[in-house]
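A.B. asks: Next comes model09.pdb, PDB, C-alpha atoms, pLDDT in the B column:
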```
ATOM      1  CA  MET A 137      15.068  58.916   1.184  1.00 53.00           C
ATOM      2  CA  ARG A 138      12.797  55.898   0.737  1.00 75.00           C
ATOM      3  CA  ASN A 139      10.110  55.152   3.275  1.00 88.00           C
ATOM      4  CA  PRO A 140      10.951  51.932   5.256  1.00 89.00           C
ATOM      5  CA  ASN A 141       7.267  51.357   6.068  1.00 92.00           C
ATOM      6  CA  ARG A 142       6.392  51.483   2.389  1.00 94.00           C
ATOM      7  CA  ARG A 143       9.222  49.019   1.639  1.00 94.00           C
ATOM      8  CA  THR A 144       7.793  46.618   4.238  1.00 95.00           C
ATOM      9  CA  ALA A 145       4.301  47.053   2.755  1.00 96.00           C
ATOM     10  CA  LEU A 146       5.698  46.275  -0.705  1.00 97.00           C
ATOM     11  CA  VAL A 147       7.523  43.165   0.547  1.00 97.00           C
ATOM     12  CA  ASP A 148       4.337  42.031   2.321  1.00 96.00           C
ATOM     13  CA  ALA A 149       2.451  42.555  -0.943  1.00 98.00           C
ATOM     14  CA  ALA A 150       5.120  40.548  -2.779  1.00 97.00           C
ATOM     15  CA  VAL A 151       4.641  37.676  -0.296  1.00 97.00           C
ATOM     16  CA  GLU A 152       0.909  37.685  -1.046  1.00 97.00           C
ATOM     17  CA  VAL A 153       1.463  37.730  -4.824  1.00 98.00           C
ATOM     18  CA  LEU A 154       4.123  35.033  -4.638  1.00 96.00           C
ATOM     19  CA  ALA A 155       1.901  32.715  -2.591  1.00 96.00           C
ATOM     20  CA  ARG A 156      -1.107  33.275  -4.828  1.00 96.00           C
ATOM     21  CA  GLU A 157       0.458  33.555  -8.308  1.00 96.00           C
ATOM     22  CA  GLY A 158       3.826  31.827  -7.967  1.00 94.00           C
ATOM     23  CA  ALA A 159       7.162  33.248  -9.047  1.00 93.00           C
ATOM     24  CA  ARG A 160       6.012  33.861 -12.617  1.00 93.00           C
ATOM     25  CA  GLY A 161       3.247  36.125 -11.390  1.00 96.00           C
ATOM     26  CA  LEU A 162       5.572  38.196  -9.207  1.00 96.00           C
ATOM     27  CA  THR A 163       6.029  41.415 -11.162  1.00 96.00           C
ATOM     28  CA  PHE A 164       6.544  44.962  -9.970  1.00 97.00           C
ATOM     29  CA  ARG A 165       3.120  45.844 -11.389  1.00 97.00           C
ATOM     30  CA  ALA A 166       1.464  42.974  -9.466  1.00 98.00           C
ATOM     31  CA  VAL A 167       3.197  44.083  -6.255  1.00 98.00           C
ATOM     32  CA  ASP A 168       2.098  47.693  -6.798  1.00 98.00           C
ATOM     33  CA  GLN A 169      -1.495  46.567  -7.331  1.00 98.00           C
ATOM     34  CA  GLU A 170      -1.466  44.276  -4.271  1.00 98.00           C
ATOM     35  CA  ALA A 171      -0.005  47.064  -2.118  1.00 97.00           C
ATOM     36  CA  GLY A 172      -2.479  49.612  -3.507  1.00 97.00           C
ATOM     37  CA  VAL A 173       0.243  52.034  -4.580  1.00 96.00           C
ATOM     38  CA  PRO A 174       0.799  53.820  -7.902  1.00 96.00           C
ATOM     39  CA  ASN A 175       2.368  51.800 -10.721  1.00 96.00           C
ATOM     40  CA  GLY A 176       6.142  52.172 -10.666  1.00 95.00           C
ATOM     41  CA  THR A 177       6.434  52.350  -6.873  1.00 96.00           C
ATOM     42  CA  ALA A 178       8.025  48.905  -6.413  1.00 97.00           C
ATOM     43  CA  SER A 179      10.630  49.644  -9.077  1.00 95.00           C
ATOM     44  CA  ASN A 180      11.733  52.627  -6.948  1.00 94.00           C
ATOM     45  CA  TYR A 181      12.384  50.338  -3.965  1.00 96.00           C
ATOM     46  CA  PHE A 182      13.945  47.268  -5.591  1.00 96.00           C
ATOM     47  CA  THR A 183      16.753  47.326  -8.124  1.00 95.00           C
ATOM     48  CA  SER A 184      15.470  44.238  -9.938  1.00 95.00           C
ATOM     49  CA  ARG A 185      13.088  41.325  -9.660  1.00 93.00           C
ATOM     50  CA  ASP A 186      15.987  39.279  -8.223  1.00 93.00           C
ATOM     51  CA  ASP A 187      16.459  41.949  -5.544  1.00 94.00           C
ATOM     52  CA  LEU A 188      12.735  41.710  -4.714  1.00 95.00           C
ATOM     53  CA  LEU A 189      12.900  37.896  -4.491  1.00 95.00           C
ATOM     54  CA  ARG A 190      15.956  38.081  -2.232  1.00 92.00           C
ATOM     55  CA  GLN A 191      14.326  40.604   0.096  1.00 93.00           C
ATOM     56  CA  VAL A 192      11.144  38.523   0.280  1.00 95.00           C
ATOM     57  CA  GLY A 193      13.292  35.516   1.287  1.00 91.00           C
ATOM     58  CA  GLU A 194      14.946  37.491   4.064  1.00 90.00           C
ATOM     59  CA  TYR A 195      11.691  39.011   5.269  1.00 93.00           C
ATOM     60  CA  ILE A 196       9.524  35.890   5.491  1.00 91.00           C
ATOM     61  CA  HIS A 197      11.522  34.645   8.490  1.00 86.00           C
ATOM     62  CA  VAL A 198      10.978  37.964  10.238  1.00 88.00           C
ATOM     63  CA  ARG A 199       7.266  37.804   9.432  1.00 90.00           C
ATOM     64  CA  VAL A 200       6.783  34.352  10.991  1.00 88.00           C
ATOM     65  CA  SER A 201       9.083  34.876  13.990  1.00 91.00           C
ATOM     66  CA  PRO A 202       7.520  34.430  17.419  1.00 93.00           C
ATOM     67  CA  ASP A 203       6.332  37.433  19.353  1.00 93.00           C
ATOM     68  CA  ALA A 204       9.048  38.149  21.954  1.00 94.00           C
ATOM     69  CA  GLU A 205       6.578  38.532  24.831  1.00 96.00           C
ATOM     70  CA  ARG A 206       4.721  35.332  23.943  1.00 94.00           C
ATOM     71  CA  LEU A 207       8.008  33.442  23.595  1.00 96.00           C
ATOM     72  CA  ALA A 208       9.167  34.681  27.015  1.00 96.00           C
ATOM     73  CA  GLU A 209       5.926  33.360  28.545  1.00 96.00           C
ATOM     74  CA  THR A 210       6.415  29.990  26.867  1.00 97.00           C
ATOM     75  CA  MET A 211      10.045  29.793  27.973  1.00 97.00           C
ATOM     76  CA  ALA A 212       9.063  30.265  31.631  1.00 97.00           C
ATOM     77  CA  ALA A 213       8.197  26.541  31.653  1.00 97.00           C
ATOM     78  CA  PRO A 214      10.791  23.923  32.664  1.00 97.00           C
ATOM     79  CA  PRO A 215      13.179  23.064  29.781  1.00 96.00           C
ATOM     80  CA  ASP A 216      11.933  19.533  29.151  1.00 95.00           C
ATOM     81  CA  LYS A 217      10.366  17.493  26.350  1.00 94.00           C
ATOM     82  CA  SER A 218       6.947  19.029  26.885  1.00 95.00           C
ATOM     83  CA  LEU A 219       8.408  22.489  26.298  1.00 97.00           C
ATOM     84  CA  VAL A 220       9.968  21.296  23.032  1.00 96.00           C
ATOM     85  CA  VAL A 221       6.543  19.974  21.985  1.00 96.00           C
ATOM     86  CA  ARG A 222       4.919  23.286  22.924  1.00 96.00           C
ATOM     87  CA  LEU A 223       7.504  25.294  20.948  1.00 97.00           C
ATOM     88  CA  LEU A 224       6.914  23.140  17.862  1.00 97.00           C
ATOM     89  CA  GLN A 225       3.138  23.440  18.243  1.00 96.00           C
ATOM     90  CA  GLU A 226       3.445  27.217  18.498  1.00 96.00           C
ATOM     91  CA  LEU A 227       5.617  27.229  15.371  1.00 95.00           C
ATOM     92  CA  LEU A 228       2.980  25.304  13.439  1.00 95.00           C
ATOM     93  CA  THR A 229       0.264  27.623  14.741  1.00 94.00           C
ATOM     94  CA  ARG A 230       2.202  30.720  13.596  1.00 95.00           C
ATOM     95  CA  LEU A 231       2.601  29.209  10.149  1.00 94.00           C
ATOM     96  CA  GLN A 232      -1.076  28.262   9.978  1.00 93.00           C
ATOM     97  CA  VAL A 233      -1.983  31.855  10.846  1.00 94.00           C
ATOM     98  CA  ASP A 234       0.433  33.121   8.164  1.00 94.00           C
ATOM     99  CA  ARG A 235      -0.036  30.272   5.688  1.00 94.00           C
ATOM    100  CA  THR A 236       0.573  32.747   2.860  1.00 95.00           C
ATOM    101  CA  GLY A 237       4.074  33.470   4.169  1.00 94.00           C
ATOM    102  CA  TYR A 238       4.946  29.789   4.242  1.00 94.00           C
ATOM    103  CA  LEU A 239       3.535  29.149   0.759  1.00 95.00           C
ATOM    104  CA  ALA A 240       5.558  32.099  -0.524  1.00 96.00           C
ATOM    105  CA  LEU A 241       8.667  30.547   1.027  1.00 95.00           C
ATOM    106  CA  LEU A 242       7.938  27.273  -0.787  1.00 96.00           C
ATOM    107  CA  GLU A 243       7.591  29.212  -4.058  1.00 96.00           C
ATOM    108  CA  LEU A 244      10.928  30.910  -3.353  1.00 95.00           C
ATOM    109  CA  ARG A 245      12.587  27.544  -2.744  1.00 96.00           C
ATOM    110  CA  LEU A 246      11.348  26.289  -6.114  1.00 96.00           C
ATOM    111  CA  GLU A 247      12.438  29.468  -7.866  1.00 95.00           C
ATOM    112  CA  ALA A 248      15.858  29.167  -6.209  1.00 95.00           C
ATOM    113  CA  THR A 249      16.448  25.901  -8.090  1.00 96.00           C
ATOM    114  CA  ARG A 250      16.477  27.997 -11.288  1.00 95.00           C
ATOM    115  CA  ARG A 251      18.266  31.107 -10.020  1.00 94.00           C
ATOM    116  CA  PRO A 252      21.753  30.558  -8.559  1.00 95.00           C
ATOM    117  CA  GLU A 253      21.907  33.988  -6.897  1.00 93.00           C
ATOM    118  CA  LEU A 254      18.551  33.459  -5.204  1.00 94.00           C
ATOM    119  CA  GLN A 255      19.643  29.975  -4.176  1.00 96.00           C
ATOM    120  CA  ALA A 256      22.777  31.396  -2.552  1.00 95.00           C
ATOM    121  CA  ALA A 257      20.822  34.126  -0.736  1.00 93.00           C
ATOM    122  CA  LEU A 258      18.057  31.775   0.414  1.00 94.00           C
ATOM    123  CA  THR A 259      20.592  29.148   1.512  1.00 96.00           C
ATOM    124  CA  ARG A 260      22.371  31.799   3.575  1.00 95.00           C
ATOM    125  CA  THR A 261      19.112  33.037   5.159  1.00 93.00           C
ATOM    126  CA  ILE A 262      17.767  29.577   5.980  1.00 95.00           C
ATOM    127  CA  SER A 263      21.160  28.333   7.230  1.00 96.00           C
ATOM    128  CA  GLU A 264      21.432  31.345   9.550  1.00 95.00           C
ATOM    129  CA  ASN A 265      17.887  30.734  10.771  1.00 94.00           C
ATOM    130  CA  LEU A 266      18.650  27.063  11.463  1.00 96.00           C
ATOM    131  CA  GLU A 267      21.819  27.980  13.375  1.00 97.00           C
ATOM    132  CA  GLN A 268      19.836  30.514  15.433  1.00 95.00           C
ATOM    133  CA  ASN A 269      17.384  27.741  16.280  1.00 95.00           C
ATOM    134  CA  VAL A 270      20.223  25.436  17.341  1.00 97.00           C
ATOM    135  CA  ARG A 271      21.750  28.167  19.538  1.00 98.00           C
ATOM    136  CA  PHE A 272      18.345  29.007  21.039  1.00 97.00           C
ATOM    137  CA  HIS A 273      17.674  25.354  21.855  1.00 96.00           C
ATOM    138  CA  LEU A 274      21.060  24.752  23.449  1.00 96.00           C
ATOM    139  CA  ASP A 275      21.239  28.113  25.256  1.00 97.00           C
ATOM    140  CA  ALA A 276      17.768  27.516  26.719  1.00 97.00           C
ATOM    141  CA  GLY A 277      18.971  24.200  28.169  1.00 96.00           C
ATOM    142  CA  LEU A 278      16.362  22.238  26.241  1.00 96.00           C
ATOM    143  CA  PRO A 279      16.997  18.495  26.028  1.00 94.00           C
ATOM    144  CA  GLY A 280      18.976  17.194  23.082  1.00 93.00           C
ATOM    145  CA  ASP A 281      21.869  18.402  20.987  1.00 94.00           C
ATOM    146  CA  ARG A 282      22.509  19.955  17.576  1.00 95.00           C
ATOM    147  CA  THR A 283      21.503  16.731  15.807  1.00 95.00           C
ATOM    148  CA  THR A 284      18.234  16.768  17.751  1.00 94.00           C
ATOM    149  CA  VAL A 285      17.420  20.290  16.572  1.00 96.00           C
ATOM    150  CA  VAL A 286      18.352  19.544  12.954  1.00 96.00           C
ATOM    151  CA  SER A 287      16.292  16.340  13.007  1.00 95.00           C
ATOM    152  CA  LEU A 288      13.265  18.160  14.418  1.00 96.00           C
ATOM    153  CA  TYR A 289      13.748  20.956  11.858  1.00 96.00           C
ATOM    154  CA  LEU A 290      13.704  18.460   8.997  1.00 96.00           C
ATOM    155  CA  ALA A 291      10.727  16.543  10.403  1.00 96.00           C
ATOM    156  CA  MET A 292       8.737  19.725  11.027  1.00 96.00           C
ATOM    157  CA  SER A 293       9.585  21.001   7.532  1.00 95.00           C
ATOM    158  CA  GLY A 294       7.949  17.913   6.056  1.00 95.00           C
ATOM    159  CA  LEU A 295       4.985  18.143   8.401  1.00 95.00           C
ATOM    160  CA  MET A 296       4.459  21.818   7.524  1.00 94.00           C
ATOM    161  CA  VAL A 297       4.630  21.210   3.782  1.00 95.00           C
ATOM    162  CA  GLU A 298       2.066  18.433   4.127  1.00 94.00           C
ATOM    163  CA  HIS A 299      -0.266  20.262   6.465  1.00 93.00           C
ATOM    164  CA  LEU A 300      -0.118  23.703   4.828  1.00 93.00           C
ATOM    165  CA  THR A 301      -0.433  22.505   1.235  1.00 94.00           C
ATOM    166  CA  LEU A 302      -2.744  19.483   1.661  1.00 93.00           C
ATOM    167  CA  PRO A 303      -4.421  20.059   5.032  1.00 89.00           C
ATOM    168  CA  ASP A 304      -6.825  17.141   4.684  1.00 90.00           C
ATOM    169  CA  VAL A 305      -4.064  14.503   4.545  1.00 92.00           C
ATOM    170  CA  LEU A 306      -3.435  14.735   8.304  1.00 88.00           C
ATOM    171  CA  PRO A 307      -6.459  15.849  10.337  1.00 88.00           C
ATOM    172  CA  GLU A 308      -5.938  18.876  12.562  1.00 85.00           C
ATOM    173  CA  GLU A 309      -6.695  16.838  15.685  1.00 86.00           C
ATOM    174  CA  GLU A 310      -3.683  14.569  14.995  1.00 90.00           C
ATOM    175  CA  MET A 311      -1.121  17.387  14.923  1.00 91.00           C
ATOM    176  CA  THR A 312      -0.349  17.404  18.645  1.00 91.00           C
ATOM    177  CA  GLU A 313       0.024  13.628  18.645  1.00 94.00           C
ATOM    178  CA  VAL A 314       2.331  13.723  15.625  1.00 95.00           C
ATOM    179  CA  ILE A 315       4.481  16.514  17.076  1.00 96.00           C
ATOM    180  CA  THR A 316       4.731  14.724  20.424  1.00 95.00           C
ATOM    181  CA  ALA A 317       5.793  11.531  18.633  1.00 95.00           C
ATOM    182  CA  LEU A 318       8.427  13.470  16.655  1.00 94.00           C
ATOM    183  CA  VAL A 319       9.938  14.765  19.880  1.00 94.00           C
ATOM    184  CA  GLU A 320       9.821  11.335  21.534  1.00 91.00           C
ATOM    185  CA  ARG A 321      11.298   9.501  18.547  1.00 89.00           C
ATOM    186  CA  THR A 322      14.032  12.046  17.933  1.00 84.00           C
ATOM    187  CA  GLN A 323      15.552  10.909  21.209  1.00 69.00           C
ATOM    188  CA  VAL A 324      15.108  14.225  22.946  1.00 58.00           C
ATOM    189  CA  SER A 325      16.467  13.218  26.318  1.00 56.00           C
ATOM    190  CA  GLY A 326      18.943  14.206  28.967  1.00 50.00           C
ATOM    191  CA  PRO A 327      20.425  17.661  29.546  1.00 48.00           C
ATOM    192  CA  ALA A 328      21.304  19.867  26.616  1.00 47.00           C
ATOM    193  CA  GLY A 329      24.308  18.685  24.660  1.00 43.00           C
ATOM    194  CA  ARG A 330      23.890  15.043  25.760  1.00 42.00           C
ATOM    195  CA  ARG A 331      21.758  12.139  24.665  1.00 40.00           C
TER     196      ARG A 331
END
```
Would you encode the structure as structure tokens?
C.D. replies:
Amino acid sequence: MRNPNRRTALVDAAVEVLAREGARGLTFRAVDQEAGVPNGTASNYFTSRDDLLRQVGEYIHVRVSPDAERLAETMAAPPDKSLVVRLLQELLTRLQVDRTGYLALLELRLEATRRPELQAALTRTISENLEQNVRFHLDAGLPGDRTTVVSLYLAMSGLMVEHLTLPDVLPEEEMTEVITALVERTQVSGPAGRR
């Protein structure tokens, strides 16, 4: 039986290699070296390079998910615009802390344009993640509707690409202002489900 902790360590190593070297540099040998395990270990855990890419795509969202305890503390606040701003700020902070994970996800997105199976798997993973975000937003009674959440998702995606790839374009001190403006201009108002 394969060790699940070793699999996680190998996927984490693959994220690091992918972010640093790009998809072309992601080989089983590179993953083994990054993980500090004997050559041939990764090939015992993944059936192919495509399998490794798919598992990295699924895992990155787990890696950058909020800590349940921290999220519960955040969600103790009233479900208003300021809470939406805080949630988006915390998202950006998590991605800044794990910048490598986000860069690896960008590499996966590019690779998916050339690999139909990876594109299908990544589309499924990201679509499920987006739907979870919509459900979370609505179930929490946060202001806005599905269109609000999708609009904020798209706006934050652009902001994250900009800030995590070219951090000097938008100074760090402007991030809160930009996120607040995104929430305000996305017409986040009224009870959940209404505008």
A.B. asks: List every protein, DNA or RNA residue that has at least one atom no more than 7 Å from (16.3, 29.9, 0.6) in the file's coordinates, counting only C-alpha atoms, and write the result as an MDAnalysis selection string.
C.D. replies: chainID A and resid 193 244:245 248 255 257:259 261:262
A.B. asks: Do a neighbour search on stretch 145-153 of chain A at 8 Å with all atoms listed in the file, toss out local chain neighbours closer than 6 positions, and write the hits as a list in words.
C.D. replies: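 With the cut-off at 8 Å, the set is Gly161, Leu162, Ala166, Val167, Asp168, Glu170, Ala171, Ala178, Leu188, Gln191, Val192, Tyr195, Ile196, Thr236, Gly237 and Ala240 of chain A.
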A.B. asks: Using the chain letters and residue numbers of this document, give as a VMD selection string the residues selected by the PyMOL selection byres ((chain A and resi 301-310) around 12).
C.D. replies: chain A and resid 155 225 228 to 229 231 to 232 235 to 236 238 to 240 242 to 243 293 to 300 311 to 317
A.B. asks: Could you tell me how far atom CA of A:Arg160 lies from atom CA of A:Leu246, in Å and to one decimal?
C.D. replies: 11.3 Å
A.B. asks: When distances are computed from all atoms listed in the file, which of A:Gly172, A:Pro140, A:Pro215, A:Arg156 shows the smallest separation from A:Asp275?
C.D. replies: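 Using all atoms listed in the file, A:Asp275 sits closest to A:Pro215.
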A.B. asks: In Å to one decimal, how far is atom CA of A:Val220 from atom CA of A:Ala204?
C.D. replies: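 Computed distance, atom CA of A:Ala204 to atom CA of A:Val220, equals 16.9 Å.
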A.B. asks: What residues come out when you apply the PyMOL selection byres ((chain A and resi 206-208) around 12) to this file, written as an MDAnalysis selection string?
C.D. replies: chainID A and resid 201:205 209:213 219 222:224 226:227 230 272 276
A.B. asks: Between atom CA of A:Leu318 and atom CA of A:Ala291, what is the spacing in Å?
C.D. replies: 7.3 Å
A.B. asks: Go through A:Arg165, A:Glu264, A:Arg271, A:Leu254 and flag the residue nearest A:Thr177, using only C-alpha atoms for the distances.
C.D. replies: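 Of the candidates, the smallest distance to A:Thr177 is held by A:Arg165.
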A.B. asks: Which one of A:Glu247, A:Asp187, A:Asp234, A:Asp216 sits closest to A:Arg199 if you count all atoms listed in the file?
C.D. replies: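 Closest to A:Arg199 of all the choices is A:Asp234.
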A.B. asks: With distances taken over only C-alpha atoms, which residue among A:Leu241, A:Gln169, A:Arg138, A:Asn175 lies nearest A:Leu189?
C.D. replies: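 Checking each candidate against A:Leu189, we get A:Leu241 as the closest.
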A.B. asks: In terms of the shortest atom-to-atom distance over all atoms listed in the file, which of A:Phe164, A:Gly158, A:Arg250, A:Thr322 is closest to A:Met292?
C.D. replies: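 Of A:Phe164, A:Gly158, A:Arg250, A:Thr322, the one nearest A:Met292, counting all atoms listed in the file, is A:Thr322.
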A.B. asks: N, CA and C atoms are what I want for stretch 208-219 of chain A; can you complete it accordingly and write them as a PDB file, in the frame of the given file?
C.D. replies:
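Dumped everything to selection-v2.pdb:
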```pdb
ATOM      1  N   ALA A 208       8.682  34.603  25.626  1.00 96.00           N
ATOM      2  CA  ALA A 208       9.167  34.681  27.015  1.00 96.00           C
ATOM      3  C   ALA A 208       8.219  33.944  27.956  1.00 96.00           C
ATOM      4  N   GLU A 209       6.906  34.082  27.729  1.00 96.00           N
ATOM      5  CA  GLU A 209       5.926  33.360  28.545  1.00 96.00           C
ATOM      6  C   GLU A 209       6.089  31.852  28.379  1.00 96.00           C
ATOM      7  N   THR A 210       6.246  31.419  27.143  1.00 97.00           N
ATOM      8  CA  THR A 210       6.415  29.990  26.867  1.00 97.00           C
ATOM      9  C   THR A 210       7.675  29.467  27.539  1.00 97.00           C
ATOM     10  N   MET A 211       8.754  30.239  27.447  1.00 97.00           N
ATOM     11  CA  MET A 211      10.045  29.793  27.973  1.00 97.00           C
ATOM     12  C   MET A 211      10.127  29.823  29.492  1.00 97.00           C
ATOM     13  N   ALA A 212       9.088  30.294  30.165  1.00 97.00           N
ATOM     14  CA  ALA A 212       9.063  30.265  31.631  1.00 97.00           C
ATOM     15  C   ALA A 212       8.848  28.842  32.155  1.00 97.00           C
ATOM     16  N   ALA A 213       8.421  27.945  31.270  1.00 97.00           N
ATOM     17  CA  ALA A 213       8.197  26.541  31.653  1.00 97.00           C
ATOM     18  C   ALA A 213       9.538  25.818  31.809  1.00 97.00           C
ATOM     19  N   PRO A 214       9.552  24.699  32.526  1.00 97.00           N
ATOM     20  CA  PRO A 214      10.791  23.923  32.664  1.00 97.00           C
ATOM     21  C   PRO A 214      11.294  23.455  31.280  1.00 97.00           C
ATOM     22  N   PRO A 215      12.613  23.445  31.086  1.00 96.00           N
ATOM     23  CA  PRO A 215      13.179  23.064  29.781  1.00 96.00           C
ATOM     24  C   PRO A 215      13.202  21.543  29.577  1.00 96.00           C
ATOM     25  N   ASP A 216      12.034  20.978  29.326  1.00 95.00           N
ATOM     26  CA  ASP A 216      11.933  19.533  29.151  1.00 95.00           C
ATOM     27  C   ASP A 216      11.265  19.210  27.813  1.00 95.00           C
ATOM     28  N   LYS A 217      10.974  17.932  27.610  1.00 94.00           N
ATOM     29  CA  LYS A 217      10.366  17.493  26.350  1.00 94.00           C
ATOM     30  C   LYS A 217       9.043  18.194  26.068  1.00 94.00           C
ATOM     31  N   SER A 218       8.250  18.400  27.105  1.00 95.00           N
ATOM     32  CA  SER A 218       6.947  19.029  26.885  1.00 95.00           C
ATOM     33  C   SER A 218       7.093  20.467  26.390  1.00 95.00           C
ATOM     34  N   LEU A 219       8.157  21.135  26.804  1.00 97.00           N
ATOM     35  CA  LEU A 219       8.408  22.489  26.298  1.00 97.00           C
ATOM     36  C   LEU A 219       8.812  22.438  24.823  1.00 97.00           C
TER      37      LEU A 219
END
```
